[in-house]
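Raw contents of structure06.pdb, PDB, C-alpha atoms, pLDDT in the B column:
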ATOM      1  CA  VAL A   1     -98.039  37.776-118.834  1.00 63.00           C
ATOM      2  CA  MET A   2    -100.435  39.466-116.378  1.00 70.00           C
ATOM      3  CA  PRO A   3    -100.148  43.213-115.817  1.00 80.00           C
ATOM      4  CA  ALA A   4     -98.595  44.203-112.517  1.00 78.00           C
ATOM      5  CA  GLY A   5    -101.177  44.669-109.779  1.00 77.00           C
ATOM      6  CA  SER A   6    -103.938  42.745-111.606  1.00 80.00           C
ATOM      7  CA  VAL A   7    -103.626  39.711-109.351  1.00 76.00           C
ATOM      8  CA  PRO A   8    -104.152  40.260-105.623  1.00 80.00           C
ATOM      9  CA  ALA A   9    -101.407  39.100-103.286  1.00 74.00           C
ATOM     10  CA  THR A  10    -103.762  36.514-101.766  1.00 78.00           C
ATOM     11  CA  LEU A  11    -103.732  34.623-105.078  1.00 80.00           C
ATOM     12  CA  ALA A  12     -99.958  34.329-105.236  1.00 77.00           C
ATOM     13  CA  LEU A  13     -98.362  30.887-105.330  1.00 81.00           C
ATOM     14  CA  PRO A  14     -97.551  29.511-101.880  1.00 83.00           C
ATOM     15  CA  SER A  15     -93.990  29.051-100.817  1.00 87.00           C
ATOM     16  CA  ALA A  16     -92.373  25.614-101.070  1.00 91.00           C
ATOM     17  CA  GLU A  17     -92.448  25.455 -97.281  1.00 94.00           C
ATOM     18  CA  LYS A  18     -96.256  25.803 -97.268  1.00 91.00           C
ATOM     19  CA  VAL A  19     -96.602  23.194-100.025  1.00 91.00           C
ATOM     20  CA  TYR A  20     -94.569  20.715 -97.985  1.00 94.00           C
ATOM     21  CA  GLU A  21     -96.581  21.585 -94.879  1.00 95.00           C
ATOM     22  CA  PHE A  22     -99.876  20.826 -96.619  1.00 95.00           C
ATOM     23  CA  ALA A  23     -98.588  17.922 -98.744  1.00 95.00           C
ATOM     24  CA  PRO A  24    -100.352  15.228 -96.646  1.00 95.00           C
ATOM     25  CA  LEU A  25    -103.683  17.068 -96.982  1.00 96.00           C
ATOM     26  CA  LEU A  26    -103.162  17.566-100.709  1.00 95.00           C
ATOM     27  CA  LEU A  27    -102.330  13.890-101.139  1.00 96.00           C
ATOM     28  CA  LEU A  28    -105.402  12.862 -99.130  1.00 97.00           C
ATOM     29  CA  ASN A  29    -107.544  15.202-101.243  1.00 96.00           C
ATOM     30  CA  CYS A  30    -106.179  13.595-104.442  1.00 96.00           C
ATOM     31  CA  ILE A  31    -106.904  10.107-103.122  1.00 98.00           C
ATOM     32  CA  ILE A  32    -110.471  11.040-102.153  1.00 97.00           C
ATOM     33  CA  ALA A  33    -111.098  12.666-105.555  1.00 96.00           C
ATOM     34  CA  PHE A  34    -109.775   9.553-107.334  1.00 97.00           C
ATOM     35  CA  ALA A  35    -111.936   7.273-105.154  1.00 97.00           C
ATOM     36  CA  LEU A  36    -114.986   9.417-105.917  1.00 93.00           C
ATOM     37  CA  ASN A  37    -114.365   9.096-109.661  1.00 94.00           C
ATOM     38  CA  VAL A  38    -113.909   5.327-109.400  1.00 96.00           C
ATOM     39  CA  SER A  39    -117.038   4.900-107.265  1.00 92.00           C
ATOM     40  CA  THR A  40    -119.058   7.033-109.692  1.00 89.00           C
ATOM     41  CA  THR A  41    -117.892   4.927-112.619  1.00 91.00           C
ATOM     42  CA  LEU A  42    -118.709   1.694-110.806  1.00 92.00           C
ATOM     43  CA  MET A  43    -122.133   2.960-109.776  1.00 88.00           C
ATOM     44  CA  ILE A  44    -123.015   3.833-113.366  1.00 88.00           C
ATOM     45  CA  LYS A  45    -121.613   0.491-114.563  1.00 90.00           C
ATOM     46  CA  TYR A  46    -123.637  -1.621-112.130  1.00 90.00           C
ATOM     47  CA  THR A  47    -126.830   0.462-112.030  1.00 86.00           C
ATOM     48  CA  SER A  48    -127.565   3.000-114.747  1.00 81.00           C
ATOM     49  CA  ALA A  49    -126.990   6.604-115.651  1.00 80.00           C
ATOM     50  CA  VAL A  50    -130.549   7.356-114.510  1.00 78.00           C
ATOM     51  CA  SER A  51    -129.724   5.974-111.068  1.00 80.00           C
ATOM     52  CA  TYR A  52    -126.704   8.254-110.938  1.00 85.00           C
ATOM     53  CA  ILE A  53    -128.824  11.275-111.883  1.00 82.00           C
ATOM     54  CA  PHE A  54    -131.485  10.291-109.352  1.00 80.00           C
ATOM     55  CA  MET A  55    -128.839  10.012-106.628  1.00 84.00           C
ATOM     56  CA  GLY A  56    -127.637  13.507-107.558  1.00 86.00           C
ATOM     57  CA  VAL A  57    -131.177  14.840-107.234  1.00 82.00           C
ATOM     58  CA  LEU A  58    -131.585  13.087-103.881  1.00 81.00           C
ATOM     59  CA  LYS A  59    -128.267  14.564-102.733  1.00 87.00           C
ATOM     60  CA  ASP A  60    -129.590  18.024-103.611  1.00 86.00           C
ATOM     61  CA  VAL A  61    -132.837  17.337-101.742  1.00 81.00           C
ATOM     62  CA  VAL A  62    -130.902  16.200 -98.661  1.00 86.00           C
ATOM     63  CA  ALA A  63    -128.725  19.323 -98.834  1.00 89.00           C
ATOM     64  CA  VAL A  64    -131.819  21.536 -98.958  1.00 86.00           C
ATOM     65  CA  VAL A  65    -133.554  19.639 -96.140  1.00 86.00           C
ATOM     66  CA  VAL A  66    -130.449  19.909 -93.949  1.00 91.00           C
ATOM     67  CA  SER A  67    -130.168  23.628 -94.688  1.00 91.00           C
ATOM     68  CA  VAL A  68    -133.832  24.080 -93.740  1.00 89.00           C
ATOM     69  CA  VAL A  69    -133.639  22.004 -90.547  1.00 93.00           C
ATOM     70  CA  VAL A  70    -130.172  22.958 -89.308  1.00 94.00           C
ATOM     71  CA  LEU A  71    -129.622  26.443 -90.726  1.00 92.00           C
ATOM     72  CA  HIS A  72    -133.297  27.485 -90.738  1.00 92.00           C
ATOM     73  CA  GLU A  73    -133.134  28.545 -94.384  1.00 91.00           C
ATOM     74  CA  GLU A  74    -136.375  29.259 -96.202  1.00 91.00           C
ATOM     75  CA  VAL A  75    -137.403  27.265 -99.276  1.00 88.00           C
ATOM     76  CA  SER A  76    -139.756  28.948-101.688  1.00 91.00           C
ATOM     77  CA  GLY A  77    -142.705  27.274-103.315  1.00 92.00           C
ATOM     78  CA  MET A  78    -140.877  27.461-106.630  1.00 93.00           C
ATOM     79  CA  GLN A  79    -137.923  25.518-105.191  1.00 87.00           C
ATOM     80  CA  ARG A  80    -140.237  22.838-103.762  1.00 87.00           C
ATOM     81  CA  PHE A  81    -142.035  22.577-107.082  1.00 92.00           C
ATOM     82  CA  ALA A  82    -138.739  22.309-108.987  1.00 89.00           C
ATOM     83  CA  PHE A  83    -137.465  19.483-106.763  1.00 83.00           C
ATOM     84  CA  CYS A  84    -140.744  17.612-107.144  1.00 86.00           C
ATOM     85  CA  MET A  85    -140.574  18.025-110.921  1.00 88.00           C
ATOM     86  CA  GLN A  86    -136.983  16.745-110.995  1.00 84.00           C
ATOM     87  CA  ILE A  87    -137.891  13.635-109.022  1.00 80.00           C
ATOM     88  CA  PHE A  88    -141.026  13.099-111.125  1.00 83.00           C
ATOM     89  CA  ALA A  89    -139.044  13.421-114.380  1.00 83.00           C
ATOM     90  CA  VAL A  90    -136.438  10.890-113.251  1.00 77.00           C
ATOM     91  CA  LEU A  91    -139.147   8.437-112.162  1.00 78.00           C
ATOM     92  CA  VAL A  92    -141.038   8.814-115.451  1.00 81.00           C
ATOM     93  CA  TRP A  93    -137.853   8.299-117.448  1.00 80.00           C
ATOM     94  CA  SER A  94    -137.036   5.213-115.408  1.00 77.00           C
ATOM     95  CA  LEU A  95    -140.568   3.902-115.961  1.00 78.00           C
ATOM     96  CA  LEU A  96    -140.327   4.515-119.696  1.00 79.00           C
ATOM     97  CA  LYS A  97    -137.011   2.651-119.865  1.00 78.00           C
ATOM     98  CA  SER A  98    -138.003  -0.286-117.652  1.00 76.00           C
ATOM     99  CA  ALA A  99    -141.524  -1.012-118.905  1.00 76.00           C
ATOM    100  CA  PRO A 100    -142.120   0.395-122.408  1.00 80.00           C
ATOM    101  CA  PRO A 101    -144.934  -2.033-123.360  1.00 80.00           C
ATOM    102  CA  GLU A 102    -146.945  -1.232-120.239  1.00 78.00           C
ATOM    103  CA  VAL A 103    -146.504   2.495-120.861  1.00 78.00           C
ATOM    104  CA  GLN A 104    -147.727   2.139-124.448  1.00 80.00           C
ATOM    105  CA  GLU A 105    -150.712   0.042-123.408  1.00 83.00           C
ATOM    106  CA  ARG A 106    -151.789   1.823-120.217  1.00 81.00           C
ATOM    107  CA  GLY A 107    -150.128   5.233-120.257  1.00 82.00           C
ATOM    108  CA  ILE A 108    -147.719   6.508-117.632  1.00 79.00           C
ATOM    109  CA  ALA A 109    -150.141   6.439-114.689  1.00 81.00           C
ATOM    110  CA  GLY A 110    -151.494   2.987-115.555  1.00 81.00           C
ATOM    111  CA  ALA A 111    -148.008   1.559-116.006  1.00 78.00           C
ATOM    112  CA  ALA A 112    -146.887   3.006-112.674  1.00 78.00           C
ATOM    113  CA  VAL A 113    -149.887   1.454-110.906  1.00 80.00           C
ATOM    114  CA  ALA A 114    -149.286  -1.892-112.640  1.00 77.00           C
ATOM    115  CA  LEU A 115    -145.619  -1.921-111.624  1.00 72.00           C
ATOM    116  CA  PHE A 116    -146.448  -1.128-107.993  1.00 75.00           C
ATOM    117  CA  GLN A 117    -149.095  -3.852-107.896  1.00 77.00           C
ATOM    118  CA  GLY A 118    -146.730  -6.444-109.314  1.00 72.00           C
ATOM    119  CA  PRO A 119    -147.595  -9.249-111.702  1.00 70.00           C
ATOM    120  CA  PRO A 120    -151.192 -10.442-111.664  1.00 65.00           C
ATOM    121  CA  ALA A 121    -151.826 -13.413-109.409  1.00 63.00           C
ATOM    122  CA  LYS A 122    -152.499 -16.681-111.178  1.00 67.00           C
ATOM    123  CA  LYS A 123    -155.935 -18.115-110.582  1.00 64.00           C
ATOM    124  CA  ALA A 124    -156.078 -21.623-109.265  1.00 59.00           C
ATOM    125  CA  ASP A 125    -157.424 -24.105-111.786  1.00 61.00           C
ATOM    126  CA  ALA A 126    -160.940 -25.266-111.051  1.00 57.00           C
ATOM    127  CA  PRO A 127    -161.130 -28.997-110.330  1.00 63.00           C
ATOM    128  CA  LYS A 128    -162.266 -31.013-113.326  1.00 64.00           C
ATOM    129  CA  ASP A 129    -165.165 -33.370-112.924  1.00 57.00           C
TER     130      ASP A 129
END
Just give me the structure of the file as structure tokens.
Amino acid sequence: VMPAGSVPATLALPSAEKVYEFAPLLLLNCIIAFALNVSTTLMIKYTSAVSYIFMGVLKDVVAVVVSVVVLHEEVSGMQRFAFCMQIFAVLVWSLLKSAPPEVQERGIAGAAVALFQGPPAKKADAPKD
């Protein structure tokens, strides 16, 4: 199968004793992985695929912010720009999917402003004489 010496000893299969020792952790890992898959499926079912993508982008942003604050990592201008573009692209896609008529009538910026302002207020009818 594999030539002798091509696989380091650290990659050898563990003994049965080690497997039994770590069985509870392996089982817990399997349960957590299954729960993650179920929760992902339910999130997409009850929200949308765009929401799932946006949550992934936000997760990445949080990971970068934590690495900057806690680990004092440096973030380049290109990385900041790329994160902003990702968030902008997800928001534009969401806007295009949720309000296509407004986007066609007013453009992306006009539709975004209209959605943030909400529906126009109804004017009170003037009293009739």
* **Nearest-residue call for A:Met85, choices A:Leu42, A:Ile31, A:Val57, A:Leu115, using all atoms listed in the file** => A:Val57
* Selection: 10 Å around A:Phe54, only C-alpha atoms, excl. self and same-chain fewer than 2 positions, as a list of chain:residue names ->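 Here the qualifying residues turn out to be A:Ser48, A:Ala49, A:Val50, A:Ser51, A:Tyr52, A:Gly56, A:Val57, A:Leu58, A:Lys59, A:Asp60, A:Gln86, A:Ile87, A:Ala89, A:Val90, A:Leu91, A:Ser94.
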* Structure fact -> Pairwise distance, atom CA of A:Gln117 with atom CA of A:Arg80, equals 28.4 Å
* **Gap from atom CA of A:Glu74 to atom CA of A:Val61 - Å, one decimal** =>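 Straight-line distance from atom CA of A:Glu74 to atom CA of A:Val61 works out to 13.6 Å.
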Taking all atoms of stretch 21-36 of chain A that the file lists, what box with edges along x, y and z, padded by 6 Å per side, do you get, with centre and edge lengths in Å to one decimal, as AutoDock Vina command-line options?
--center_x -105.8 --center_y 14.4 --center_z -101.1 --size_x 30.4 --size_y 26.3 --size_z 24.5
* Asked: Any idea what the distance is between atom CA of A:Val7 and atom CA of A:Val19?
  ->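 Taking atom CA of A:Val7 as the start and atom CA of A:Val19 as the end point, the length is 20.2 Å.
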* Which one of A:Ala4, A:Ala12, A:Leu96, A:Val64 sits closest to A:Gln79 if you count all atoms listed in the file? -> A:Val64
* Close residues, A:Ala112 itself excluded, 9 Å, only C-alpha atoms, min 2 positions apart in chain, as a list in words ->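 What passes the distance filter is Val92, Leu95, Glu102, Val103, Gly107, Ile108, Ala109, Gly110, Ala114, Leu115, Phe116 and Gln117 of chain A.
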